[in-house]
Amino acid sequence: MSQSGERPKEGRDMTAMAHEPLTQEEVLLEGFLALDTPEGFRAELIGGEIVVTPPPDGEHEKYISRIVRQVIKLSRTDMDFSGNKGLRLRSGGGCPKSHVIPDVTFAPFDLDLFAGAESWMPCDGVAMVLEVTSARPQADREAKRRCYARGGIPLYLLADRDTFQVTLFSDPDKDDYRALTTRPFGKSITLPEPFAFDLDTADLL
């Protein structure tokens, strides 16, 4: 204590530093990570917006099954996949890091990427993500596409049930993909290395 009875300035400064207010990004992220969603619902933080999705319908799961079966059977590189893996993607545009759960995440089997991974893992090593449109198709077409590109995920496959098309986005650069190929359901679409096969979409009709 000083003779005047005041605390030293150093002590006041240290106290102030210990209680610096959280940024808006940090508040949003903490609130998201603390969410307790109902069983079967999926909560994601996409481009600064919290999105909660109800359990998918059977048609949505059929599309996923048809595509995953082909990838596992026909891919030139043996693939692991996860249908519920949280990915932590780089921030951008003033938004916090996005926390996204793709319908399916594919990674080369030899990497053993999912073993020991945390609930929200970085996307390094992911070969491709798959989304099938559901309640919020625009999120799959726009916001998630930009998140995946920002994360450097090489391939993003989108099966759009509203437009009856499948689109493969490739060559990520900053906030978007520089290349895309679209085929109507019923036509095949070529998946490049490390998959290296033509995906048949006839079963999606």
# chains A, B, ... in the order shown; residues from 1 in each chain; ligands from 1
>>> select_by_dssp(residues="region 55-193 of chain A", states="alpha helix (DSSP H)", output="count of residues only")
26
>>> select_by_dssp(residues="region 2-202 of chain A", states="strand (DSSP E)", output="tab-separated table (two decimals) with C-alpha atoms, in the first residue's frame")
chain	number	residue	atom	x	y	z
A	42	ARG	CA	-27.24	-30.60	-36.11
A	43	ALA	CA	-25.84	-27.23	-35.03
A	44	GLU	CA	-23.24	-25.47	-37.18
A	45	LEU	CA	-21.54	-22.07	-37.19
A	46	ILE	CA	-21.45	-21.03	-40.83
A	49	GLU	CA	-24.45	-17.50	-38.36
A	50	ILE	CA	-25.61	-20.33	-36.09
A	51	VAL	CA	-27.63	-22.83	-38.12
A	52	VAL	CA	-29.61	-25.67	-36.50
A	53	THR	CA	-30.88	-28.39	-38.86
A	79	MET	CA	-11.25	-43.97	-48.60
A	80	ASP	CA	-12.43	-43.55	-45.03
A	81	PHE	CA	-15.63	-41.58	-44.50
A	82	SER	CA	-17.56	-39.98	-41.67
A	86	GLY	CA	-17.23	-31.60	-37.19
A	87	LEU	CA	-14.73	-29.55	-39.20
A	88	ARG	CA	-13.12	-26.35	-37.97
A	89	LEU	CA	-12.48	-24.03	-40.91
A	98	SER	CA	-16.75	-21.73	-39.10
A	99	HIS	CA	-17.67	-25.02	-37.45
A	100	VAL	CA	-19.36	-27.17	-40.09
A	104	VAL	CA	-20.07	-36.86	-45.51
A	105	THR	CA	-16.34	-36.23	-45.13
A	106	PHE	CA	-13.93	-38.38	-47.16
A	107	ALA	CA	-10.23	-38.86	-46.40
A	108	PRO	CA	-7.63	-41.37	-47.68
A	120	TRP	CA	-14.16	-30.28	-34.17
A	121	MET	CA	-11.04	-31.15	-36.13
A	122	PRO	CA	-9.03	-29.16	-38.70
A	128	MET	CA	-13.72	-34.27	-50.41
A	129	VAL	CA	-16.90	-33.25	-48.61
A	130	LEU	CA	-20.41	-34.16	-49.76
A	131	GLU	CA	-23.62	-32.22	-49.12
A	132	VAL	CA	-27.16	-33.21	-50.11
A	155	LEU	CA	-13.30	-31.11	-53.72
A	156	TYR	CA	-16.87	-30.27	-52.75
A	157	LEU	CA	-19.63	-32.47	-54.16
A	158	LEU	CA	-23.16	-31.04	-53.97
A	159	ALA	CA	-26.24	-33.13	-54.78
A	160	ASP	CA	-29.05	-30.59	-55.23
A	165	GLN	CA	-28.27	-31.69	-60.46
A	166	VAL	CA	-24.96	-32.77	-59.02
A	167	THR	CA	-22.09	-30.26	-58.99
A	168	LEU	CA	-18.42	-30.85	-58.27
A	169	PHE	CA	-16.51	-27.77	-57.09
A	170	SER	CA	-12.71	-27.93	-57.34
A	171	ASP	CA	-9.55	-25.82	-57.22
A	172	PRO	CA	-10.20	-23.79	-54.04
A	173	ASP	CA	-8.80	-20.27	-53.99
A	176	ASP	CA	-14.42	-19.81	-53.41
A	177	TYR	CA	-13.71	-22.58	-55.90
A	178	ARG	CA	-12.36	-21.62	-59.30
A	179	ALA	CA	-13.79	-24.60	-61.19
A	180	LEU	CA	-17.08	-26.46	-61.22
A	181	THR	CA	-18.75	-29.22	-63.23
A	182	THR	CA	-22.52	-29.76	-63.18
A	183	ARG	CA	-24.46	-32.76	-64.45
A	184	PRO	CA	-28.19	-33.52	-64.30
A	189	ILE	CA	-19.79	-36.97	-63.24
A	190	THR	CA	-16.04	-37.55	-63.11
A	191	LEU	CA	-14.33	-37.40	-59.73
A	197	PHE	CA	-13.76	-42.69	-61.36
A	198	ASP	CA	-17.05	-41.65	-62.93
A	199	LEU	CA	-19.80	-41.30	-60.34
>>> residues_around(residues="Ala196 (chain A)", least_positions_apart="5", cutoff="12 Å", atoms="only C-alpha atoms", output="list of chain:residue names")
A:Gln70, A:Val71, A:Lys73, A:Leu74, A:Ser75, A:Arg76, A:Thr77, A:Asp78, A:Ile189, A:Thr190, A:Leu191
>>> residues_around(residues="Pro137 (chain A)", least_positions_apart="4", cutoff="9 Å", atoms="only C-alpha atoms", output="VMD selection string")
chain A and resid 132 to 133 141 to 142 160 to 162
>>> write_last_selection(atoms="N, CA, C and O atoms", output="PDB file, in the first residue's frame")
ATOM      1  N   VAL A 132     -25.892 -32.989 -49.407  1.00  0.00           N
ATOM      2  CA  VAL A 132     -27.158 -33.213 -50.106  1.00  0.00           C
ATOM      3  C   VAL A 132     -28.129 -32.178 -49.566  1.00  0.00           C
ATOM      4  O   VAL A 132     -28.310 -32.061 -48.348  1.00  0.00           O
ATOM      5  N   THR A 133     -28.736 -31.386 -50.435  1.00  0.00           N
ATOM      6  CA  THR A 133     -29.594 -30.301 -49.979  1.00  0.00           C
ATOM      7  C   THR A 133     -30.780 -30.825 -49.174  1.00  0.00           C
ATOM      8  O   THR A 133     -31.311 -31.901 -49.448  1.00  0.00           O
ATOM      9  N   ARG A 141     -25.421 -24.282 -51.096  1.00  0.00           N
ATOM     10  CA  ARG A 141     -24.979 -23.736 -52.384  1.00  0.00           C
ATOM     11  C   ARG A 141     -24.004 -22.574 -52.231  1.00  0.00           C
ATOM     12  O   ARG A 141     -23.121 -22.391 -53.068  1.00  0.00           O
ATOM     13  N   GLU A 142     -24.178 -21.784 -51.188  1.00  0.00           N
ATOM     14  CA  GLU A 142     -23.392 -20.564 -51.052  1.00  0.00           C
ATOM     15  C   GLU A 142     -22.458 -20.577 -49.838  1.00  0.00           C
ATOM     16  O   GLU A 142     -21.241 -20.666 -49.977  1.00  0.00           O
ATOM     17  N   ASP A 160     -27.977 -31.569 -55.438  1.00  0.00           N
ATOM     18  CA  ASP A 160     -29.046 -30.593 -55.233  1.00  0.00           C
ATOM     19  C   ASP A 160     -30.379 -31.230 -55.611  1.00  0.00           C
ATOM     20  O   ASP A 160     -30.690 -31.430 -56.785  1.00  0.00           O
ATOM     21  N   ARG A 161     -31.191 -31.522 -54.598  1.00  0.00           N
ATOM     22  CA  ARG A 161     -32.458 -32.214 -54.841  1.00  0.00           C
ATOM     23  C   ARG A 161     -33.510 -31.298 -55.459  1.00  0.00           C
ATOM     24  O   ARG A 161     -34.482 -31.785 -56.040  1.00  0.00           O
ATOM     25  N   ASP A 162     -33.339 -29.990 -55.341  1.00  0.00           N
ATOM     26  CA  ASP A 162     -34.319 -29.057 -55.913  1.00  0.00           C
ATOM     27  C   ASP A 162     -34.097 -28.831 -57.405  1.00  0.00           C
ATOM     28  O   ASP A 162     -35.044 -28.649 -58.161  1.00  0.00           O
TER      29      ASP A 162
END
>>> closest_residue(among="A:Glu39, A:Asp203, A:Asp103, A:Asp57", to="Gly186 (chain A)", atoms="only C-alpha atoms")
A:Asp203
>>> atom_distance(atom1="CA of Arg150 (chain A)", atom2="CA of Asp175 (chain A)")
4.8 Å
>>> residues_around(residues="Pro56 (chain A)", least_positions_apart="3", cutoff="8 Å", atoms="only C-alpha atoms", output="list of chain:residue names")
A:His60, A:Glu61, A:Ser134
>>> atom_distance(atom1="CA of Leu204 (chain A)", atom2="CA of Arg66 (chain A)")
7.7 Å
>>> decode(residues="region 31-78 of chain A", atoms="N, CA and C atoms", output="PDB file, in the first residue's frame")
ATOM      1  N   GLY A  31     -20.892 -19.012 -27.379  1.00  0.00           N
ATOM      2  CA  GLY A  31     -22.313 -19.334 -27.335  1.00  0.00           C
ATOM      3  C   GLY A  31     -22.638 -20.545 -28.172  1.00  0.00           C
ATOM      4  N   PHE A  32     -22.006 -20.633 -29.347  1.00  0.00           N
ATOM      5  CA  PHE A  32     -22.234 -21.785 -30.224  1.00  0.00           C
ATOM      6  C   PHE A  32     -21.749 -23.079 -29.580  1.00  0.00           C
ATOM      7  N   LEU A  33     -20.528 -23.051 -29.049  1.00  0.00           N
ATOM      8  CA  LEU A  33     -19.950 -24.267 -28.470  1.00  0.00           C
ATOM      9  C   LEU A  33     -20.704 -24.721 -27.219  1.00  0.00           C
ATOM     10  N   ALA A  34     -21.448 -23.809 -26.600  1.00  0.00           N
ATOM     11  CA  ALA A  34     -22.208 -24.154 -25.398  1.00  0.00           C
ATOM     12  C   ALA A  34     -23.620 -24.634 -25.713  1.00  0.00           C
ATOM     13  N   LEU A  35     -24.017 -24.632 -26.987  1.00  0.00           N
ATOM     14  CA  LEU A  35     -25.368 -25.044 -27.365  1.00  0.00           C
ATOM     15  C   LEU A  35     -25.633 -26.492 -26.975  1.00  0.00           C
ATOM     16  N   ASP A  36     -26.861 -26.735 -26.523  1.00  0.00           N
ATOM     17  CA  ASP A  36     -27.309 -28.094 -26.212  1.00  0.00           C
ATOM     18  C   ASP A  36     -28.485 -28.397 -27.139  1.00  0.00           C
ATOM     19  N   THR A  37     -28.197 -28.951 -28.320  1.00  0.00           N
ATOM     20  CA  THR A  37     -29.246 -29.172 -29.315  1.00  0.00           C
ATOM     21  C   THR A  37     -29.985 -30.477 -29.036  1.00  0.00           C
ATOM     22  N   PRO A  38     -31.267 -30.549 -29.416  1.00  0.00           N
ATOM     23  CA  PRO A  38     -32.024 -31.792 -29.232  1.00  0.00           C
ATOM     24  C   PRO A  38     -31.387 -32.947 -30.000  1.00  0.00           C
ATOM     25  N   GLU A  39     -31.628 -34.144 -29.540  1.00  0.00           N
ATOM     26  CA  GLU A  39     -31.041 -35.325 -30.170  1.00  0.00           C
ATOM     27  C   GLU A  39     -31.437 -35.401 -31.643  1.00  0.00           C
ATOM     28  N   GLY A  40     -30.455 -35.652 -32.496  1.00  0.00           N
ATOM     29  CA  GLY A  40     -30.703 -35.767 -33.924  1.00  0.00           C
ATOM     30  C   GLY A  40     -30.561 -34.462 -34.687  1.00  0.00           C
ATOM     31  N   PHE A  41     -30.605 -33.332 -33.985  1.00  0.00           N
ATOM     32  CA  PHE A  41     -30.432 -32.035 -34.648  1.00  0.00           C
ATOM     33  C   PHE A  41     -28.943 -31.737 -34.810  1.00  0.00           C
ATOM     34  N   ARG A  42     -28.637 -30.945 -35.806  1.00  0.00           N
ATOM     35  CA  ARG A  42     -27.243 -30.601 -36.106  1.00  0.00           C
ATOM     36  C   ARG A  42     -27.062 -29.094 -36.006  1.00  0.00           C
ATOM     37  N   ALA A  43     -26.129 -28.657 -35.173  1.00  0.00           N
ATOM     38  CA  ALA A  43     -25.836 -27.228 -35.033  1.00  0.00           C
ATOM     39  C   ALA A  43     -24.493 -26.926 -35.680  1.00  0.00           C
ATOM     40  N   GLU A  44     -24.457 -25.874 -36.499  1.00  0.00           N
ATOM     41  CA  GLU A  44     -23.241 -25.471 -37.184  1.00  0.00           C
ATOM     42  C   GLU A  44     -23.092 -23.954 -37.078  1.00  0.00           C
ATOM     43  N   LEU A  45     -21.852 -23.498 -37.153  1.00  0.00           N
ATOM     44  CA  LEU A  45     -21.544 -22.066 -37.193  1.00  0.00           C
ATOM     45  C   LEU A  45     -20.975 -21.783 -38.576  1.00  0.00           C
ATOM     46  N   ILE A  46     -21.794 -21.184 -39.424  1.00  0.00           N
ATOM     47  CA  ILE A  46     -21.451 -21.032 -40.835  1.00  0.00           C
ATOM     48  C   ILE A  46     -21.370 -19.548 -41.178  1.00  0.00           C
ATOM     49  N   GLY A  47     -20.159 -19.060 -41.407  1.00  0.00           N
ATOM     50  CA  GLY A  47     -19.984 -17.679 -41.814  1.00  0.00           C
ATOM     51  C   GLY A  47     -20.574 -16.677 -40.842  1.00  0.00           C
ATOM     52  N   GLY A  48     -20.444 -16.958 -39.546  1.00  0.00           N
ATOM     53  CA  GLY A  48     -20.930 -16.023 -38.541  1.00  0.00           C
ATOM     54  C   GLY A  48     -22.384 -16.205 -38.160  1.00  0.00           C
ATOM     55  N   GLU A  49     -23.046 -17.237 -38.669  1.00  0.00           N
ATOM     56  CA  GLU A  49     -24.450 -17.499 -38.355  1.00  0.00           C
ATOM     57  C   GLU A  49     -24.589 -18.907 -37.782  1.00  0.00           C
ATOM     58  N   ILE A  50     -25.332 -19.018 -36.671  1.00  0.00           N
ATOM     59  CA  ILE A  50     -25.611 -20.331 -36.087  1.00  0.00           C
ATOM     60  C   ILE A  50     -26.801 -20.946 -36.815  1.00  0.00           C
ATOM     61  N   VAL A  51     -26.603 -22.144 -37.352  1.00  0.00           N
ATOM     62  CA  VAL A  51     -27.635 -22.832 -38.120  1.00  0.00           C
ATOM     63  C   VAL A  51     -27.927 -24.169 -37.445  1.00  0.00           C
ATOM     64  N   VAL A  52     -29.185 -24.409 -37.108  1.00  0.00           N
ATOM     65  CA  VAL A  52     -29.611 -25.668 -36.499  1.00  0.00           C
ATOM     66  C   VAL A  52     -30.522 -26.382 -37.494  1.00  0.00           C
ATOM     67  N   THR A  53     -30.164 -27.621 -37.839  1.00  0.00           N
ATOM     68  CA  THR A  53     -30.880 -28.386 -38.859  1.00  0.00           C
ATOM     69  C   THR A  53     -31.565 -29.587 -38.224  1.00  0.00           C
ATOM     70  N   PRO A  54     -32.837 -29.825 -38.552  1.00  0.00           N
ATOM     71  CA  PRO A  54     -33.532 -30.990 -37.999  1.00  0.00           C
ATOM     72  C   PRO A  54     -33.027 -32.289 -38.612  1.00  0.00           C
ATOM     73  N   PRO A  55     -33.374 -33.442 -38.036  1.00  0.00           N
ATOM     74  CA  PRO A  55     -32.951 -34.720 -38.613  1.00  0.00           C
ATOM     75  C   PRO A  55     -33.405 -34.832 -40.065  1.00  0.00           C
ATOM     76  N   PRO A  56     -32.591 -35.401 -40.945  1.00  0.00           N
ATOM     77  CA  PRO A  56     -32.918 -35.467 -42.374  1.00  0.00           C
ATOM     78  C   PRO A  56     -34.001 -36.507 -42.660  1.00  0.00           C
ATOM     79  N   ASP A  57     -34.663 -36.329 -43.821  1.00  0.00           N
ATOM     80  CA  ASP A  57     -35.651 -37.317 -44.243  1.00  0.00           C
ATOM     81  C   ASP A  57     -34.956 -38.503 -44.920  1.00  0.00           C
ATOM     82  N   GLY A  58     -35.718 -39.541 -45.193  1.00  0.00           N
ATOM     83  CA  GLY A  58     -35.150 -40.768 -45.751  1.00  0.00           C
ATOM     84  C   GLY A  58     -34.561 -40.599 -47.136  1.00  0.00           C
ATOM     85  N   GLU A  59     -35.177 -39.728 -47.949  1.00  0.00           N
ATOM     86  CA  GLU A  59     -34.663 -39.502 -49.302  1.00  0.00           C
ATOM     87  C   GLU A  59     -33.262 -38.896 -49.255  1.00  0.00           C
ATOM     88  N   HIS A  60     -33.063 -37.979 -48.332  1.00  0.00           N
ATOM     89  CA  HIS A  60     -31.748 -37.365 -48.130  1.00  0.00           C
ATOM     90  C   HIS A  60     -30.709 -38.436 -47.829  1.00  0.00           C
ATOM     91  N   GLU A  61     -31.044 -39.371 -46.951  1.00  0.00           N
ATOM     92  CA  GLU A  61     -30.105 -40.429 -46.572  1.00  0.00           C
ATOM     93  C   GLU A  61     -29.889 -41.423 -47.704  1.00  0.00           C
ATOM     94  N   LYS A  62     -30.908 -41.634 -48.530  1.00  0.00           N
ATOM     95  CA  LYS A  62     -30.755 -42.509 -49.697  1.00  0.00           C
ATOM     96  C   LYS A  62     -29.688 -41.957 -50.649  1.00  0.00           C
ATOM     97  N   TYR A  63     -29.740 -40.658 -50.905  1.00  0.00           N
ATOM     98  CA  TYR A  63     -28.763 -40.036 -51.801  1.00  0.00           C
ATOM     99  C   TYR A  63     -27.348 -40.252 -51.262  1.00  0.00           C
ATOM    100  N   ILE A  64     -27.199 -40.024 -49.969  1.00  0.00           N
ATOM    101  CA  ILE A  64     -25.877 -40.194 -49.356  1.00  0.00           C
ATOM    102  C   ILE A  64     -25.401 -41.633 -49.510  1.00  0.00           C
ATOM    103  N   SER A  65     -26.274 -42.578 -49.228  1.00  0.00           N
ATOM    104  CA  SER A  65     -25.910 -43.994 -49.308  1.00  0.00           C
ATOM    105  C   SER A  65     -25.459 -44.380 -50.714  1.00  0.00           C
ATOM    106  N   ARG A  66     -26.191 -43.914 -51.722  1.00  0.00           N
ATOM    107  CA  ARG A  66     -25.860 -44.277 -53.106  1.00  0.00           C
ATOM    108  C   ARG A  66     -24.484 -43.741 -53.513  1.00  0.00           C
ATOM    109  N   ILE A  67     -24.166 -42.534 -53.054  1.00  0.00           N
ATOM    110  CA  ILE A  67     -22.877 -41.933 -53.419  1.00  0.00           C
ATOM    111  C   ILE A  67     -21.739 -42.577 -52.640  1.00  0.00           C
ATOM    112  N   VAL A  68     -21.920 -42.767 -51.349  1.00  0.00           N
ATOM    113  CA  VAL A  68     -20.858 -43.350 -50.516  1.00  0.00           C
ATOM    114  C   VAL A  68     -20.517 -44.767 -50.984  1.00  0.00           C
ATOM    115  N   ARG A  69     -21.532 -45.547 -51.337  1.00  0.00           N
ATOM    116  CA  ARG A  69     -21.278 -46.925 -51.809  1.00  0.00           C
ATOM    117  C   ARG A  69     -20.342 -46.925 -53.009  1.00  0.00           C
ATOM    118  N   GLN A  70     -20.563 -46.009 -53.943  1.00  0.00           N
ATOM    119  CA  GLN A  70     -19.706 -45.960 -55.136  1.00  0.00           C
ATOM    120  C   GLN A  70     -18.290 -45.524 -54.792  1.00  0.00           C
ATOM    121  N   VAL A  71     -18.167 -44.529 -53.924  1.00  0.00           N
ATOM    122  CA  VAL A  71     -16.835 -44.053 -53.550  1.00  0.00           C
ATOM    123  C   VAL A  71     -16.026 -45.179 -52.912  1.00  0.00           C
ATOM    124  N   ILE A  72     -16.636 -45.911 -52.005  1.00  0.00           N
ATOM    125  CA  ILE A  72     -15.922 -46.980 -51.306  1.00  0.00           C
ATOM    126  C   ILE A  72     -15.555 -48.113 -52.268  1.00  0.00           C
ATOM    127  N   LYS A  73     -16.433 -48.419 -53.213  1.00  0.00           N
ATOM    128  CA  LYS A  73     -16.191 -49.541 -54.127  1.00  0.00           C
ATOM    129  C   LYS A  73     -15.284 -49.192 -55.298  1.00  0.00           C
ATOM    130  N   LEU A  74     -15.364 -47.939 -55.790  1.00  0.00           N
ATOM    131  CA  LEU A  74     -14.732 -47.616 -57.071  1.00  0.00           C
ATOM    132  C   LEU A  74     -13.540 -46.664 -56.982  1.00  0.00           C
ATOM    133  N   SER A  75     -13.366 -45.996 -55.871  1.00  0.00           N
ATOM    134  CA  SER A  75     -12.277 -45.025 -55.782  1.00  0.00           C
ATOM    135  C   SER A  75     -10.921 -45.699 -55.950  1.00  0.00           C
ATOM    136  N   ARG A  76     -10.049 -45.062 -56.706  1.00  0.00           N
ATOM    137  CA  ARG A  76      -8.704 -45.607 -56.910  1.00  0.00           C
ATOM    138  C   ARG A  76      -7.913 -45.624 -55.613  1.00  0.00           C
ATOM    139  N   THR A  77      -8.157 -44.640 -54.756  1.00  0.00           N
ATOM    140  CA  THR A  77      -7.524 -44.578 -53.437  1.00  0.00           C
ATOM    141  C   THR A  77      -8.532 -45.034 -52.395  1.00  0.00           C
ATOM    142  N   ASP A  78      -8.158 -45.981 -51.544  1.00  0.00           N
ATOM    143  CA  ASP A  78      -9.062 -46.431 -50.485  1.00  0.00           C
ATOM    144  C   ASP A  78      -9.443 -45.253 -49.599  1.00  0.00           C
TER     145      ASP A  78
END
